[in-house]
Amino acid sequence: MPLNEILPFLIPLVAVQFILLVVTLRHILTHNTYKRGNRVMWIVITLVGMQFWGPILYFLLGKEEA
């Protein structure tokens, strides 16, 4: 498949992925308590698992309920 055919699908996915990463990192850095783990662990998980999985894992398993 040529790149110009899949580019309209890739641009929104990359934008959503970047926004999710920024929101997750902002939340990690502005909160002090987590259900599991600590700040450093969640930053590493979020950055290493950057393709949606890291941020989603944080919001499912790490985010402390208010």
# chains A, B, ... in the order shown; residues from 1 in each chain; ligands from 1

call {"tool": "residues_around", "arguments": {"residues": "Pro55 of chain A", "least_positions_apart": "3", "cutoff": "6 Å", "atoms": "only C-alpha atoms", "output": "list in words"}}
result
Thr24, Thr46, Phe52 and Tyr58 of chain A

call {"tool": "closest_residue", "arguments": {"among": "A:Ile56, A:Ile43, A:Leu61, A:Ile6", "to": "Arg26 of chain A", "atoms": "only C-alpha atoms"}}
result
A:Ile43

call {"tool": "select_by_dssp", "arguments": {"residues": "segment 20-63 of chain A", "states": "alpha helix (DSSP H)", "output": "list of chain:residue names"}}
result
A:Leu20, A:Leu21, A:Val22, A:Val23, A:Thr24, A:Leu25, A:Arg26, A:His27, A:Ile28, A:Leu29, A:Thr30, A:Arg39, A:Val40, A:Met41, A:Trp42, A:Ile43, A:Val44, A:Ile45, A:Thr46, A:Leu47, A:Val48, A:Trp53, A:Gly54, A:Pro55, A:Ile56, A:Leu57

call {"tool": "atom_distance", "arguments": {"atom1": "atom CA of Val14 of chain A", "atom2": "atom CA of Met41 of chain A"}}
result
24.0 Å

call {"tool": "residues_around", "arguments": {"residues": "Asn38 of chain A", "least_positions_apart": "4", "cutoff": "12 Å", "atoms": "only C-alpha atoms", "output": "list in words"}}
result
Ile28, Leu29, His31, Asn32, Thr33, Tyr34, Trp42, Ile43, Val44, Ile45, Tyr58, Leu61, Gly62, Lys63 and Glu64 of chain A

call {"tool": "decode", "arguments": {"residues": "segment 5-28 of chain A", "atoms": "N, CA, C and O atoms", "output": "mmCIF file, in the first residue's frame"}}
result
data_model
loop_
_atom_site.group_PDB
_atom_site.id
_atom_site.type_symbol
_atom_site.label_atom_id
_atom_site.label_comp_id
_atom_site.auth_asym_id
_atom_site.auth_seq_id
_atom_site.Cartn_x
_atom_site.Cartn_y
_atom_site.Cartn_z
ATOM 1 N N GLU A 5 -2.016 6.592 0.521
ATOM 2 C CA GLU A 5 -3.330 5.989 0.745
ATOM 3 C C GLU A 5 -3.627 5.789 2.227
ATOM 4 O O GLU A 5 -4.775 5.884 2.642
ATOM 5 N N ILE A 6 -2.600 5.489 3.025
ATOM 6 C CA ILE A 6 -2.838 5.247 4.448
ATOM 7 C C ILE A 6 -2.588 6.478 5.316
ATOM 8 O O ILE A 6 -2.932 6.488 6.484
ATOM 9 N N LEU A 7 -2.029 7.522 4.739
ATOM 10 C CA LEU A 7 -1.749 8.740 5.488
ATOM 11 C C LEU A 7 -2.996 9.373 6.115
ATOM 12 O O LEU A 7 -2.934 9.815 7.261
ATOM 13 N N PRO A 8 -4.139 9.416 5.444
ATOM 14 C CA PRO A 8 -5.331 9.976 6.092
ATOM 15 C C PRO A 8 -5.762 9.206 7.347
ATOM 16 O O PRO A 8 -6.418 9.763 8.220
ATOM 17 N N PHE A 9 -5.411 7.950 7.470
ATOM 18 C CA PHE A 9 -5.728 7.171 8.657
ATOM 19 C C PHE A 9 -4.659 7.309 9.735
ATOM 20 O O PHE A 9 -4.957 7.245 10.926
ATOM 21 N N LEU A 10 -3.413 7.497 9.327
ATOM 22 C CA LEU A 10 -2.306 7.591 10.273
ATOM 23 C C LEU A 10 -2.271 8.921 11.013
ATOM 24 O O LEU A 10 -1.958 8.959 12.206
ATOM 25 N N ILE A 11 -2.571 10.006 10.347
ATOM 26 C CA ILE A 11 -2.489 11.328 10.977
ATOM 27 C C ILE A 11 -3.409 11.435 12.193
ATOM 28 O O ILE A 11 -2.964 11.847 13.259
ATOM 29 N N PRO A 12 -4.692 11.051 12.120
ATOM 30 C CA PRO A 12 -5.536 11.121 13.326
ATOM 31 C C PRO A 12 -5.070 10.175 14.432
ATOM 32 O O PRO A 12 -5.143 10.518 15.615
ATOM 33 N N LEU A 13 -4.580 8.994 14.073
ATOM 34 C CA LEU A 13 -4.095 8.067 15.087
ATOM 35 C C LEU A 13 -2.883 8.618 15.825
ATOM 36 O O LEU A 13 -2.789 8.504 17.046
ATOM 37 N N VAL A 14 -1.967 9.222 15.104
ATOM 38 C CA VAL A 14 -0.786 9.807 15.724
ATOM 39 C C VAL A 14 -1.195 10.985 16.607
ATOM 40 O O VAL A 14 -0.670 11.157 17.711
ATOM 41 N N ALA A 15 -2.147 11.779 16.159
ATOM 42 C CA ALA A 15 -2.610 12.915 16.956
ATOM 43 C C ALA A 15 -3.260 12.448 18.252
ATOM 44 O O ALA A 15 -2.976 12.983 19.330
ATOM 45 N N VAL A 16 -4.114 11.441 18.182
ATOM 46 C CA VAL A 16 -4.765 10.911 19.380
ATOM 47 C C VAL A 16 -3.733 10.298 20.323
ATOM 48 O O VAL A 16 -3.793 10.493 21.540
ATOM 49 N N GLN A 17 -2.774 9.581 19.773
ATOM 50 C CA GLN A 17 -1.724 8.976 20.595
ATOM 51 C C GLN A 17 -0.915 10.048 21.318
ATOM 52 O O GLN A 17 -0.630 9.926 22.513
ATOM 53 N N PHE A 18 -0.555 11.100 20.642
ATOM 54 C CA PHE A 18 0.224 12.181 21.248
ATOM 55 C C PHE A 18 -0.579 12.889 22.336
ATOM 56 O O PHE A 18 -0.066 13.180 23.419
ATOM 57 N N ILE A 19 -1.848 13.169 22.070
ATOM 58 C CA ILE A 19 -2.700 13.829 23.066
ATOM 59 C C ILE A 19 -2.860 12.948 24.301
ATOM 60 O O ILE A 19 -2.767 13.429 25.433
ATOM 61 N N LEU A 20 -3.084 11.660 24.101
ATOM 62 C CA LEU A 20 -3.212 10.730 25.223
ATOM 63 C C LEU A 20 -1.927 10.675 26.042
ATOM 64 O O LEU A 20 -1.967 10.678 27.278
ATOM 65 N N LEU A 21 -0.786 10.683 25.383
ATOM 66 C CA LEU A 21 0.495 10.675 26.078
ATOM 67 C C LEU A 21 0.683 11.945 26.903
ATOM 68 O O LEU A 21 1.076 11.890 28.074
ATOM 69 N N VAL A 22 0.369 13.098 26.339
ATOM 70 C CA VAL A 22 0.527 14.363 27.054
ATOM 71 C C VAL A 22 -0.406 14.421 28.264
ATOM 72 O O VAL A 22 0.009 14.819 29.361
ATOM 73 N N VAL A 23 -1.657 14.019 28.089
ATOM 74 C CA VAL A 23 -2.624 14.033 29.197
ATOM 75 C C VAL A 23 -2.168 13.094 30.309
ATOM 76 O O VAL A 23 -2.233 13.439 31.497
ATOM 77 N N THR A 24 -1.692 11.928 29.941
ATOM 78 C CA THR A 24 -1.235 10.959 30.935
ATOM 79 C C THR A 24 -0.025 11.486 31.698
ATOM 80 O O THR A 24 0.006 11.417 32.933
ATOM 81 N N LEU A 25 0.975 11.994 31.005
ATOM 82 C CA LEU A 25 2.168 12.509 31.676
ATOM 83 C C LEU A 25 1.827 13.696 32.570
ATOM 84 O O LEU A 25 2.348 13.812 33.679
ATOM 85 N N ARG A 26 0.935 14.561 32.118
ATOM 86 C CA ARG A 26 0.517 15.690 32.944
ATOM 87 C C ARG A 26 -0.147 15.199 34.225
ATOM 88 O O ARG A 26 0.125 15.702 35.313
ATOM 89 N N HIS A 27 -0.993 14.200 34.105
ATOM 90 C CA HIS A 27 -1.679 13.671 35.281
ATOM 91 C C HIS A 27 -0.684 13.007 36.239
ATOM 92 O O HIS A 27 -0.768 13.186 37.449
ATOM 93 N N ILE A 28 0.243 12.247 35.702
ATOM 94 C CA ILE A 28 1.248 11.585 36.546
ATOM 95 C C ILE A 28 2.077 12.621 37.296
ATOM 96 O O ILE A 28 2.342 12.469 38.492
#
